[in-house]
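Shown next: target28.txt, given as compact mmCIF, C-alpha atoms.
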```txt
# COMPACT_ATOMS: atom_id res chain seq x y z
CA MET C 221 -4.27 -21.66 22.45
CA SER C 222 -2.76 -24.61 24.22
CA THR C 223 0.40 -23.86 26.19
CA SER C 224 1.51 -27.44 26.70
CA VAL C 225 4.91 -28.31 25.31
CA GLY C 226 5.93 -31.74 24.23
CA THR C 227 9.31 -33.09 23.26
CA THR C 228 12.10 -30.95 21.93
CA GLY C 229 13.36 -31.53 18.38
CA GLN C 230 15.82 -29.32 16.51
CA ALA C 231 17.16 -26.14 18.10
CA GLY C 232 14.23 -23.88 19.00
CA GLU C 233 11.68 -26.45 17.87
CA THR C 234 9.21 -28.38 20.04
CA THR C 235 6.52 -30.94 19.37
CA GLN C 236 3.08 -31.21 20.89
CA PRO C 237 -0.27 -32.79 20.04
CA CYS C 238 -2.89 -30.68 18.27
CA PRO C 239 -5.69 -29.93 20.78
CA GLN C 240 -8.25 -30.24 17.99
CA CYS C 241 -7.25 -33.33 15.98
CA GLY C 242 -4.43 -34.84 18.02
CA ALA C 243 -1.86 -34.74 15.19
CA GLU C 244 1.74 -34.01 16.11
CA ILE C 245 2.69 -30.35 15.72
CA ARG C 246 6.23 -29.15 15.25
CA ALA C 247 6.42 -25.65 16.64
CA ASP C 248 9.02 -22.88 16.44
CA GLY C 249 8.72 -20.71 19.51
CA ARG C 250 9.24 -17.53 17.46
CA PHE C 251 6.10 -18.10 15.42
CA THR C 252 2.44 -19.02 15.86
CA THR C 253 1.84 -22.67 16.73
CA TRP C 254 -0.70 -24.23 14.37
CA CYS C 255 -1.79 -27.54 12.91
CA ALA C 256 -1.31 -28.22 9.20
CA GLY C 257 -3.73 -31.14 9.39
CA CYS C 258 -6.87 -29.36 10.57
CA ASP C 259 -5.85 -25.65 10.42
CA TRP C 260 -6.20 -25.23 14.17
CA ASN C 261 -4.96 -21.74 15.14
CA VAL C 262 -3.93 -21.00 11.56
CA ASP C 263 -5.08 -17.38 11.87
CA PRO C 264 -5.44 -16.37 15.53
CA GLU C 265 -5.41 -12.65 14.71
CA ARG C 266 -7.99 -12.69 11.94
CA PRO C 267 -9.42 -9.15 11.69
CA GLY C 268 -13.00 -8.57 12.73
CA GLU C 269 -15.74 -7.58 10.35
CA GLU C 270 -16.18 -3.93 9.40
CA HIS C 271 -19.57 -2.56 10.37
CA GLY C 272 -19.74 0.58 8.24
CA ARG C 273 -22.20 0.37 5.36
CA LEU C 274 -19.71 1.69 2.80
CA GLU C 275 -16.95 -0.59 4.05
CA ARG C 276 -19.15 -3.68 3.99
CA ARG C 277 -20.18 -2.91 0.42
CA ARG C 278 -16.57 -2.37 -0.60
CA ARG C 279 -15.63 -5.77 0.83
CA ARG C 280 -18.37 -7.51 -1.14
CA LEU C 281 -17.46 -5.71 -4.36
CA ALA C 282 -13.76 -6.32 -3.85
CA ARG C 283 -14.32 -10.03 -3.33
CA ARG C 284 -16.56 -10.26 -6.39
CA HIS C 285 -14.20 -8.34 -8.67
CA GLY C 286 -11.09 -10.04 -7.31
CA GLU C 287 -12.42 -13.54 -7.81
CA ARG C 288 -13.70 -12.67 -11.30
CA LEU C 289 -10.37 -11.20 -12.36
CA ALA C 290 -8.52 -14.20 -10.96
CA ALA C 291 -10.83 -16.50 -12.92
CA GLU C 292 -10.15 -14.51 -16.12
CA VAL C 293 -6.42 -14.94 -15.67
CA ALA C 294 -6.77 -18.63 -14.84
CA ALA C 295 -8.83 -19.07 -18.04
CA GLY C 296 -5.96 -17.66 -20.06
CA GLU C 297 -7.40 -14.22 -20.80
CA THR C 298 -4.74 -11.58 -21.40
CA MET C 299 -4.59 -8.82 -18.82
CA ARG C 300 -4.10 -5.42 -20.42
CA PRO C 301 -4.93 -1.82 -19.54
CA ARG C 302 -8.26 -0.72 -20.91
CA ARG C 303 -10.73 2.11 -20.58
CA ASP C 304 -14.23 0.69 -20.25
CA ALA C 305 -17.64 2.25 -19.65
CA ALA C 306 -17.09 2.19 -15.87
CA GLY C 307 -13.83 4.10 -16.27
CA LEU C 308 -15.41 6.73 -18.50
CA ALA C 309 -18.31 7.14 -16.06
CA ALA C 310 -15.81 7.56 -13.21
CA TYR C 311 -14.02 10.33 -15.10
CA LEU C 312 -17.34 12.04 -15.85
CA ILE C 313 -18.30 12.04 -12.17
CA ALA C 314 -14.83 13.24 -11.16
CA LEU C 315 -14.92 16.09 -13.66
CA THR C 316 -18.37 17.09 -12.38
CA VAL C 317 -17.02 17.19 -8.83
CA HIS C 318 -14.15 19.41 -9.95
CA GLY C 319 -16.63 21.52 -11.92
CA VAL C 320 -18.46 22.28 -8.69
CA THR C 321 -15.19 23.38 -7.11
CA VAL C 322 -14.51 25.68 -10.07
CA ALA C 323 -18.02 27.12 -9.81
CA LEU C 324 -17.45 27.85 -6.13
CA ALA C 325 -14.17 29.59 -6.97
CA VAL C 326 -15.90 31.73 -9.61
CA GLY C 327 -18.68 32.54 -7.16
CA ALA C 328 -16.16 33.52 -4.49
CA VAL C 329 -14.43 35.94 -6.86
CA TRP C 330 -17.75 37.40 -8.05
CA PHE C 331 -19.07 38.05 -4.53
CA LEU C 332 -15.76 39.49 -3.38
CA VAL C 333 -15.64 41.90 -6.34
CA THR C 334 -19.29 42.92 -6.45
CA GLY C 335 -19.88 42.86 -2.72
CA TRP C 336 -16.72 44.62 -1.64
CA GLY C 337 -17.37 46.39 1.63
CA GLY C 338 -20.81 44.81 2.04
CA ALA C 339 -22.49 41.58 3.08
CA GLY C 340 -21.58 39.90 -0.22
CA MET C 341 -17.93 40.07 0.79
CA VAL C 342 -18.59 37.76 3.76
CA LEU C 343 -20.21 35.19 1.50
CA GLY C 344 -17.30 35.54 -0.92
CA LEU C 345 -14.81 34.86 1.86
CA VAL C 346 -16.75 31.78 2.98
CA LEU C 347 -16.82 30.43 -0.57
CA ALA C 348 -13.11 31.19 -0.97
CA VAL C 349 -12.22 29.21 2.15
CA LEU C 350 -14.46 26.34 1.06
CA THR C 351 -12.88 26.32 -2.40
CA TRP C 352 -9.41 26.26 -0.88
CA THR C 353 -10.20 23.13 1.16
CA LEU C 354 -11.64 21.41 -1.93
CA ARG C 355 -8.83 22.34 -4.33
CA PRO C 356 -6.88 19.64 -6.16
CA ARG C 357 -3.69 18.75 -4.32
CA PHE C 358 -0.29 18.22 -5.89
CA SER C 359 2.04 16.05 -3.86
CA GLU C 360 5.47 17.40 -2.96
CA LEU C 361 8.78 15.70 -2.44
CA PRO C 362 9.08 14.34 1.11
CA ASP C 363 11.51 16.20 3.35
CA ASP C 364 11.83 13.49 5.99
CA ARG C 365 13.78 10.84 4.07
CA PRO C 366 16.89 10.57 1.89
CA LEU C 367 16.34 11.54 -1.75
CA LEU C 368 18.41 10.37 -4.71
CA THR C 369 18.67 11.87 -8.20
CA ARG C 370 20.35 10.51 -11.33
CA THR C 371 23.56 12.28 -10.35
CA ASP C 372 23.54 10.63 -6.93
CA ALA C 373 22.80 7.08 -8.11
CA PRO C 374 23.52 6.56 -11.82
CA ALA C 375 23.65 2.76 -11.59
CA LEU C 376 20.32 2.54 -9.74
CA PHE C 377 18.62 4.91 -12.19
CA SER C 378 20.07 3.01 -15.12
CA LEU C 379 18.49 -0.18 -13.77
CA ILE C 380 15.19 1.62 -13.21
CA ASP C 381 15.26 2.93 -16.80
CA GLU C 382 15.92 -0.56 -18.12
CA VAL C 383 12.98 -1.96 -16.19
CA ALA C 384 10.79 0.97 -17.28
CA VAL C 385 11.35 0.07 -20.94
CA VAL C 386 10.04 -3.44 -20.22
CA ALA C 387 7.04 -1.94 -18.41
CA GLY C 388 6.28 0.31 -21.39
CA THR C 389 6.83 3.58 -19.58
CA ARG C 390 9.60 6.01 -18.67
CA GLY C 391 11.75 6.04 -15.55
CA VAL C 392 11.44 8.20 -12.46
CA ASP C 393 12.84 11.61 -11.56
CA THR C 394 13.61 10.98 -7.90
CA VAL C 395 14.05 8.00 -5.59
CA ALA C 396 13.19 8.30 -1.92
CA VAL C 397 14.51 5.80 0.62
CA SER C 398 12.23 5.14 3.59
CA THR C 399 11.99 3.03 6.74
CA GLU C 400 8.89 1.22 5.45
CA LEU C 401 8.57 -2.45 4.60
CA ASN C 402 7.06 -1.39 1.30
CA ALA C 403 7.68 0.30 -2.03
CA SER C 404 5.48 2.71 -3.98
CA VAL C 405 5.31 5.17 -6.86
CA THR C 406 3.56 8.50 -7.11
CA THR C 407 3.82 11.85 -8.86
CA TYR C 408 4.76 15.21 -7.38
CA GLY C 409 4.52 18.81 -8.44
CA ILE C 410 2.25 20.43 -11.01
CA ARG C 411 4.37 18.96 -13.83
CA GLY C 412 3.69 15.42 -12.64
CA ARG C 413 7.27 14.38 -11.97
CA ARG C 414 7.71 10.78 -10.85
CA LEU C 415 8.82 9.56 -7.43
CA LEU C 416 9.76 5.99 -6.55
CA THR C 417 9.91 5.22 -2.84
CA ILE C 418 12.00 2.23 -1.80
CA GLY C 419 11.57 0.90 1.71
CA MET C 420 15.09 -0.07 2.72
CA PRO C 421 13.96 -2.94 5.01
CA LEU C 422 12.10 -4.51 2.07
CA TRP C 423 14.93 -3.88 -0.40
CA GLU C 424 17.45 -5.53 1.92
CA ILE C 425 15.56 -8.83 2.25
CA LEU C 426 15.13 -9.29 -1.51
CA THR C 427 17.50 -10.96 -3.92
CA PRO C 428 18.81 -8.92 -6.88
CA GLN C 429 16.31 -10.57 -9.22
CA GLU C 430 13.45 -9.99 -6.77
CA ARG C 431 14.42 -6.32 -6.62
CA ILE C 432 14.09 -6.11 -10.40
CA ALA C 433 10.65 -7.72 -10.16
CA LEU C 434 9.72 -5.21 -7.46
CA LEU C 435 10.76 -2.33 -9.71
CA GLY C 436 8.75 -3.87 -12.54
CA HIS C 437 5.65 -4.01 -10.35
CA GLU C 438 5.94 -0.41 -9.17
CA LEU C 439 6.77 1.06 -12.59
CA GLY C 440 3.94 -1.00 -14.06
CA HIS C 441 1.51 1.21 -12.16
CA TYR C 442 2.49 4.13 -14.39
CA SER C 443 1.41 2.28 -17.53
CA ASN C 444 -1.54 0.13 -16.50
CA GLY C 445 -4.41 2.58 -16.00
CA ASP C 446 -4.47 2.75 -12.20
CA THR C 447 -7.00 5.60 -12.10
CA ARG C 448 -7.89 5.72 -8.41
CA HIS C 449 -4.57 7.34 -7.53
CA GLY C 450 -4.51 9.64 -10.56
CA LEU C 451 -4.81 13.39 -10.32
CA ILE C 452 -8.42 13.65 -11.57
CA ILE C 453 -10.14 10.76 -9.80
CA GLY C 454 -7.89 10.78 -6.74
CA ASN C 455 -8.63 14.44 -6.07
CA ALA C 456 -12.36 13.91 -6.75
CA LEU C 457 -12.46 11.21 -4.08
CA ARG C 458 -10.67 13.56 -1.71
CA SER C 459 -13.09 16.40 -2.46
CA LEU C 460 -16.14 14.19 -1.91
CA SER C 461 -14.69 12.97 1.38
CA THR C 462 -14.15 16.61 2.43
CA TRP C 463 -17.75 17.48 1.51
CA ARG C 464 -19.01 14.51 3.50
CA TYR C 465 -16.96 15.62 6.51
CA TYR C 466 -18.64 19.03 6.37
CA VAL C 467 -22.15 17.54 6.44
CA ASP C 468 -21.54 14.66 8.86
CA PRO C 469 -24.11 14.72 11.69
CA THR C 470 -23.04 16.25 14.98
CA PRO C 471 -23.08 13.64 17.78
CA ASN C 472 -25.16 14.40 20.90
CA PRO C 473 -26.62 17.49 19.20
CA THR C 474 -28.30 20.47 20.77
CA LEU C 475 -31.72 21.49 19.44
CA VAL C 476 -30.15 23.75 16.80
CA GLU C 477 -27.57 21.10 15.83
CA ALA C 478 -30.32 18.49 15.54
CA PHE C 479 -32.14 20.77 13.10
CA VAL C 480 -28.92 21.21 11.07
CA ASN C 481 -28.43 17.45 11.05
CA LEU C 482 -31.94 17.07 9.69
CA VAL C 483 -31.38 19.67 6.96
CA PHE C 484 -28.22 17.85 5.83
CA ILE C 485 -29.85 14.41 5.48
CA LEU C 486 -30.35 14.76 1.73
CA PRO C 487 -26.86 16.23 0.98
CA ARG C 488 -25.32 13.44 3.08
CA ALA C 489 -27.22 10.80 1.15
CA VAL C 490 -26.16 12.31 -2.20
CA LEU C 491 -22.51 12.54 -1.18
CA GLN C 492 -22.52 9.01 0.25
CA GLY C 493 -24.09 7.74 -2.95
CA LEU C 494 -21.51 9.50 -5.12
CA LEU C 495 -18.65 8.13 -3.03
CA MET C 496 -20.04 4.61 -3.25
CA LEU C 497 -20.62 4.93 -6.99
CA LEU C 498 -17.16 6.33 -7.72
CA ASP C 499 -15.65 3.68 -5.49
CA ARG C 500 -17.50 0.94 -7.34
CA LEU C 501 -16.61 2.30 -10.77
CA THR C 502 -12.88 2.40 -9.97
CA LEU C 503 -12.51 -0.67 -7.75
CA ARG C 504 -12.28 -3.23 -10.53
CA ALA C 505 -9.77 -1.07 -12.45
CA THR C 506 -7.65 -0.71 -9.31
CA GLN C 507 -7.56 -4.45 -8.72
CA ARG C 508 -6.84 -5.05 -12.40
CA ALA C 509 -3.96 -2.60 -12.07
CA GLU C 510 -2.42 -4.78 -9.36
CA TYR C 511 -2.61 -7.90 -11.52
CA LEU C 512 -1.14 -5.95 -14.43
CA ALA C 513 1.66 -4.67 -12.22
CA ASP C 514 2.36 -8.25 -11.15
CA SER C 515 2.60 -9.27 -14.81
CA MET C 516 5.15 -6.48 -15.35
CA ALA C 517 7.10 -7.78 -12.37
CA ALA C 518 7.21 -11.24 -13.95
CA ARG C 519 8.18 -9.83 -17.34
CA ALA C 520 11.05 -7.78 -15.92
CA GLY C 521 12.39 -10.07 -13.22
CA SER C 522 10.90 -13.49 -14.17
CA THR C 523 7.83 -15.29 -12.95
CA ASP C 524 9.87 -17.08 -10.29
CA ALA C 525 11.14 -13.79 -8.86
CA ALA C 526 7.68 -12.19 -8.90
CA ALA C 527 6.15 -15.22 -7.17
CA SER C 528 8.97 -15.23 -4.64
CA ILE C 529 8.16 -11.63 -3.72
CA MET C 530 4.61 -12.74 -2.92
CA ASN C 531 6.03 -15.21 -0.45
CA ARG C 532 8.19 -12.48 1.07
CA PHE C 533 5.12 -10.30 1.55
CA LEU C 534 3.46 -13.08 3.53
CA VAL C 535 6.07 -12.92 6.30
CA LEU C 536 6.74 -9.17 6.44
CA ASP C 537 5.16 -9.16 9.90
CA SER C 538 8.12 -11.23 11.08
CA ALA C 539 10.55 -8.66 9.67
CA GLU C 540 8.59 -5.88 11.37
CA THR C 541 8.70 -7.72 14.70
CA MET C 542 12.46 -8.22 14.43
CA LEU C 543 13.07 -4.54 13.65
CA ARG C 544 10.85 -3.45 16.53
CA ARG C 545 12.92 -5.65 18.83
CA GLU C 546 16.00 -3.79 17.65
CA THR C 547 14.33 -0.48 18.49
CA ASN C 548 13.18 -1.72 21.90
CA ALA C 549 16.64 -3.07 22.71
CA GLN C 550 18.15 0.33 22.06
CA GLN C 551 15.47 2.06 24.14
CA VAL C 552 16.28 -0.25 27.05
CA GLY C 553 19.98 0.28 26.43
CA ARG C 554 19.63 4.03 26.86
CA ARG C 555 18.85 3.38 30.50
CA GLY C 556 21.76 0.99 30.81
CA THR C 557 24.72 0.33 28.56
CA ALA C 558 23.64 1.27 25.07
CA ASP C 559 25.62 0.26 22.03
CA ARG C 560 27.08 3.46 20.60
CA GLN C 561 26.36 2.32 17.04
CA PRO C 562 23.52 -0.19 17.34
CA TRP C 563 22.52 0.28 13.71
CA VAL C 564 25.75 -1.27 12.44
CA GLY C 565 24.95 -4.69 10.99
CA LEU C 566 21.19 -4.15 11.19
CA TRP C 567 20.56 -5.24 7.61
CA GLU C 568 22.72 -8.32 8.01
CA ARG C 569 20.79 -9.29 11.14
CA LEU C 570 17.49 -8.71 9.32
CA GLY C 571 18.63 -10.88 6.42
CA ALA C 572 19.70 -13.68 8.76
CA HIS C 573 16.38 -13.52 10.57
CA MET C 574 14.35 -13.75 7.36
CA ALA C 575 16.50 -16.64 6.14
CA SER C 576 15.61 -18.52 9.32
CA VAL C 577 11.82 -18.27 8.84
CA PRO C 578 10.62 -21.88 8.46
CA GLU C 579 8.55 -23.06 5.52
CA SER C 580 5.72 -23.90 7.95
CA GLU C 581 5.28 -20.18 8.66
CA TYR C 582 5.04 -19.40 4.95
CA GLU C 583 2.39 -22.10 4.59
CA ARG C 584 0.44 -20.80 7.60
CA GLN C 585 0.43 -17.30 6.16
CA ARG C 586 -0.75 -18.61 2.78
CA ARG C 587 -3.68 -20.38 4.42
CA ALA C 588 -4.46 -17.36 6.60
CA ALA C 589 -4.45 -15.09 3.53
CA ALA C 590 -6.94 -17.40 1.82
CA LEU C 591 -9.23 -17.24 4.86
CA ARG C 592 -9.04 -13.46 5.13
CA GLY C 593 -9.63 -12.74 1.46
CA HIS C 594 -10.34 -9.02 1.05
CA SER C 595 -10.91 -8.37 4.76
CA VAL C 596 -7.52 -6.63 5.04
CA ASP C 597 -7.36 -4.47 1.91
CA THR C 598 -10.02 -3.92 -0.76
CA THR C 599 -7.76 -2.21 -3.29
CA HIS C 600 -5.18 -4.99 -3.46
CA PRO C 601 -6.27 -8.52 -4.39
CA PRO C 602 -5.32 -11.05 -1.69
CA THR C 603 -1.73 -12.22 -1.96
CA HIS C 604 -2.72 -15.84 -2.49
CA LEU C 605 -4.86 -14.91 -5.53
CA ARG C 606 -2.06 -12.81 -6.99
CA HIS C 607 0.33 -15.71 -6.49
CA GLN C 608 -2.09 -18.09 -8.18
CA CYS C 609 -2.50 -15.75 -11.14
CA LEU C 610 1.25 -15.49 -11.65
CA LEU C 611 1.52 -19.27 -11.80
CA ALA C 612 -1.62 -19.75 -13.94
CA VAL C 613 0.11 -18.57 -17.12
CA PRO C 614 3.25 -19.90 -18.81
CA PRO C 615 6.32 -18.81 -16.80
CA LEU C 616 8.36 -15.91 -18.13
CA PRO C 617 12.15 -15.65 -18.04
CA ALA C 618 13.85 -12.51 -16.78
CA THR C 619 14.13 -9.69 -19.30
CA VAL C 620 16.38 -7.63 -17.05
CA THR C 621 19.34 -9.02 -15.11
CA THR C 622 22.33 -7.54 -13.31
CA ASP C 623 25.90 -8.64 -12.82
CA ASP C 624 28.02 -8.46 -9.68
CA GLY C 625 29.54 -5.15 -10.75
CA THR C 626 26.17 -3.45 -11.19
CA GLU C 627 24.91 -4.79 -7.88
CA SER C 628 28.03 -3.54 -6.12
CA ARG C 629 27.63 -0.06 -7.61
CA ILE C 630 23.96 0.11 -6.59
CA THR C 631 24.85 -1.07 -3.08
CA ALA C 632 27.49 1.66 -2.84
CA GLU C 633 25.02 4.31 -4.04
CA LEU C 634 22.48 3.20 -1.43
CA ALA C 635 25.04 2.87 1.39
CA GLY C 636 24.48 6.38 2.75
CA PRO C 637 20.66 6.23 2.72
CA ALA C 638 20.80 2.67 4.09
CA LYS C 639 22.84 3.87 7.06
CA THR C 640 20.50 6.81 7.66
CA VAL C 641 17.44 4.57 7.57
CA ALA C 642 19.06 2.01 9.88
CA GLN C 643 19.84 4.77 12.38
CA ARG C 644 16.25 6.03 12.30
CA ILE C 645 14.78 2.56 12.77
CA VAL C 646 17.00 1.77 15.74
CA LYS C 647 16.53 5.18 17.37
CA HIS C 648 12.89 5.92 16.57
CA GLY C 649 11.27 2.79 15.11
CA LEU C 650 9.56 1.99 11.83
CA GLY C 651 7.58 4.73 10.12
CA HIS C 652 9.87 7.59 11.23
```

The structure given in the file should be rewritten as structure tokens.
Amino acid sequence: MSTSVGTTGQAGETTQPCPQCGAEIRADGRFTTWCAGCDWNVDPERPGEEHGRLERRRRRLARRHGERLAAEVAAGETMRPRRDAAGLAAYLIALTVHGVTVALAVGAVWFLVTGWGGAGMVLGLVLAVLTWTLRPRFSELPDDRPLLTRTDAPALFSLIDEVAVVAGTRGVDTVAVSTELNASVTTYGIRGRRLLTIGMPLWEILTPQERIALLGHELGHYSNGDTRHGLIIGNALRSLSTWRYYVDPTPNPTLVEAFVNLVFILPRAVLQGLLMLLDRLTLRATQRAEYLADSMAARAGSTDAAASIMNRFLVLDSAETMLRRETNAQQVGRRGTADRQPWVGLWERLGAHMASVPESEYERQRRAAALRGHSVDTTHPPTHLRHQCLLAVPPLPATVTTDDGTESRITAELAGPAKTVAQRIVKHGLGH
């Protein structure tokens, strides 16, 4: 990257010639310098290629499915949840995997009962331990972040319920507030209760209408057939990964270990094949689920709000950098004169920073996303394709809106968790 600096324009902005095409570049020192004319330096941190066989195949499949789904939307085809042959095959494989686990559990009990006090008891114990590691897992409520119930936040839950009706599903049982620049939904407990996790840094940089669109997207995952994260298929993928771990070859083996590696060649191939097959059968449905969730976001909050969130996602790295600077400043301050309450005003400072991001940085990120395609995440279609799909259909008005009173009540309900999260970010950083 060229380090030469030309003339100074507006505050914090410089101009310089592009080293590739010679066009004048206006650069903001806080962001990557690039050329809009020839795309010089548009993506200096483009991730390298994955070399694993499974990962390379996933990238190819993700690109193929993602482009095909985007073309379907662009052609005016209606996106709706559906159970196709691939989905049924995925469930059949998953149930077979769980059937093996059940058979192991039955075998463990049989050997323990019939072989009590003898050699069969040892085999029963081994099978019992193996079954325990392969068992289906039920998520639990997190204990490291603020949790809200309907009693704690009636206005927030009322808004969630209103959005859930638009998404064709029910609301959630608990809301968790985290330090992440993200939001997500999941289930917890054997009864499948619902948990919505709101990343406070993300929530704070969104407008009220964008927040409604965000809720529409997340709640849409409950009603759109996102099977990969469901109890049956999700646990089958976890069980297969556990099996593969057990039969992975030992590096730098001894003579005995080399023999064991040789014996496990066929089981490894079978497990790898099953993982690849289950991955392929669910990949298209998972990407479709994201497009469907985006359509729910547009229906609840409006197409404009849903598309605006896509733009916000493009520059989340800038928000992360700003918050890390806040953490680092406090760490340095501990050795000098630390602010006793450095978290006060954090969200206002974050909002001001995001408002100052220039349009040129949004455009650079859009072009970089198009270049990267599925090289970052195979389960989510690239942001630029999702944005295109939102704008490819007639725009939708907002179904759900809020007034100043509702927004004030929700802000008050989130004030305590917002303070707690701000304290954690400043003291310990993101992700804690």

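Candidate residues C:Ala539, C:Val620, C:Ala325, C:Leu498 were compared for distance to C:Ile313, and the nearest is C:Leu498, using only C-alpha atoms.
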
Per-residue nearest contacts stretch 389-434 of chain C to stretch 375-380 of chain C, cut-off 10 Å, using all atoms listed in the file, as JSON lines:
```
{"residue": "C:Arg390", "atom": "CA", "partner": "C:Ile380", "partner_atom": "CA", "distance": 9.0}
{"residue": "C:Gly391", "atom": "CA", "partner": "C:Ile380", "partner_atom": "CA", "distance": 6.1}
{"residue": "C:Val392", "atom": "CA", "partner": "C:Ile380", "partner_atom": "CA", "distance": 7.6}
{"residue": "C:Asp393", "atom": "CA", "partner": "C:Phe377", "partner_atom": "CA", "distance": 8.9}
{"residue": "C:Thr394", "atom": "CA", "partner": "C:Phe377", "partner_atom": "CA", "distance": 9.0}
{"residue": "C:Val395", "atom": "CA", "partner": "C:Phe377", "partner_atom": "CA", "distance": 8.6}
{"residue": "C:Leu416", "atom": "CA", "partner": "C:Ile380", "partner_atom": "CA", "distance": 9.6}
{"residue": "C:Ile432", "atom": "CA", "partner": "C:Leu379", "partner_atom": "CA", "distance": 8.1}
```

Hey, can you spit out that residue selection with C-alpha atoms as a PDB file, in the coordinates of the input?
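again.pdb was written with the following content:
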```
ATOM      1  CA  ARG C 390       9.600   6.010 -18.670  1.00  0.00           C
ATOM      2  CA  GLY C 391      11.750   6.040 -15.550  1.00  0.00           C
ATOM      3  CA  VAL C 392      11.440   8.200 -12.460  1.00  0.00           C
ATOM      4  CA  ASP C 393      12.840  11.610 -11.560  1.00  0.00           C
ATOM      5  CA  THR C 394      13.610  10.980  -7.900  1.00  0.00           C
ATOM      6  CA  VAL C 395      14.050   8.000  -5.590  1.00  0.00           C
ATOM      7  CA  LEU C 416       9.760   5.990  -6.550  1.00  0.00           C
ATOM      8  CA  ILE C 432      14.090  -6.110 -10.400  1.00  0.00           C
TER       9      ILE C 432
END
```

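Relative to atom CA of C:Ser522, atom CA of C:Glu430 is found at 8.6 Å.
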
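Selecting by distance to (7.2, -5.0, -8.5) with a limit of 8 Å and using all atoms listed in the file, one obtains Arg431, Ile432, Ala433, Leu434, Leu435, Gly436, His437, Glu438, Leu439, Gly440, Ala513, Asp514, Met516, Ala517 and Ala526 of chain C.
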
Around stretch 397-400 of chain C, fit a box with edges along x, y and z, padding it by 4 Å on each side, then list its centre and edge lengths in Å to one decimal as AutoDock Vina command-line options.
```
--center_x 11.7 --center_y 3.5 --center_z 3.7 --size_x 13.6 --size_y 12.6 --size_z 14.1
```

Near-C:Val535 list (12 Å; all atoms listed in the file; drop same-chain fewer than 2 positions) as a PyMOL selection string: chain C and resi 251-252+401+422+425+528-533+537-542+573-586+588-589+603

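Nearest residue to C:Ile418 among C:Ala305, C:Val385, C:Leu650, C:Leu634 is C:Leu634, counting only C-alpha atoms.
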
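Distance check against C:Arg250 using all atoms listed in the file: of C:Asp372, C:Asp263, C:Glu233, C:Asp468, the minimum falls on C:Glu233.
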
Of C:Asp248, C:Leu534, C:Thr351, C:Pro428, the one sitting nearest C:Glu627 when using only C-alpha atoms is C:Pro428

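One distance worth recording is that between atom CA of C:Trp352 and atom CA of C:Ala396, which is 28.9 Å.
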
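The interatomic distance for the pair atom CA of C:Ser459 and atom CA of C:Ala306 works out to 19.9 Å.
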
If we count only C-alpha atoms and set the cut-off at 12 Å, which residues sit around C:Thr631, ignoring sequence neighbours fewer than 3 positions away in its own chain? Please answer as a list in words. Ala373, Pro374, Ala375, Leu376, Met420, Trp423, Glu424, Pro428, Asp624, Gly625, Thr626, Glu627, Ser628, Leu634, Ala635, Gly636, Pro637, Ala638 and Lys639 of chain C
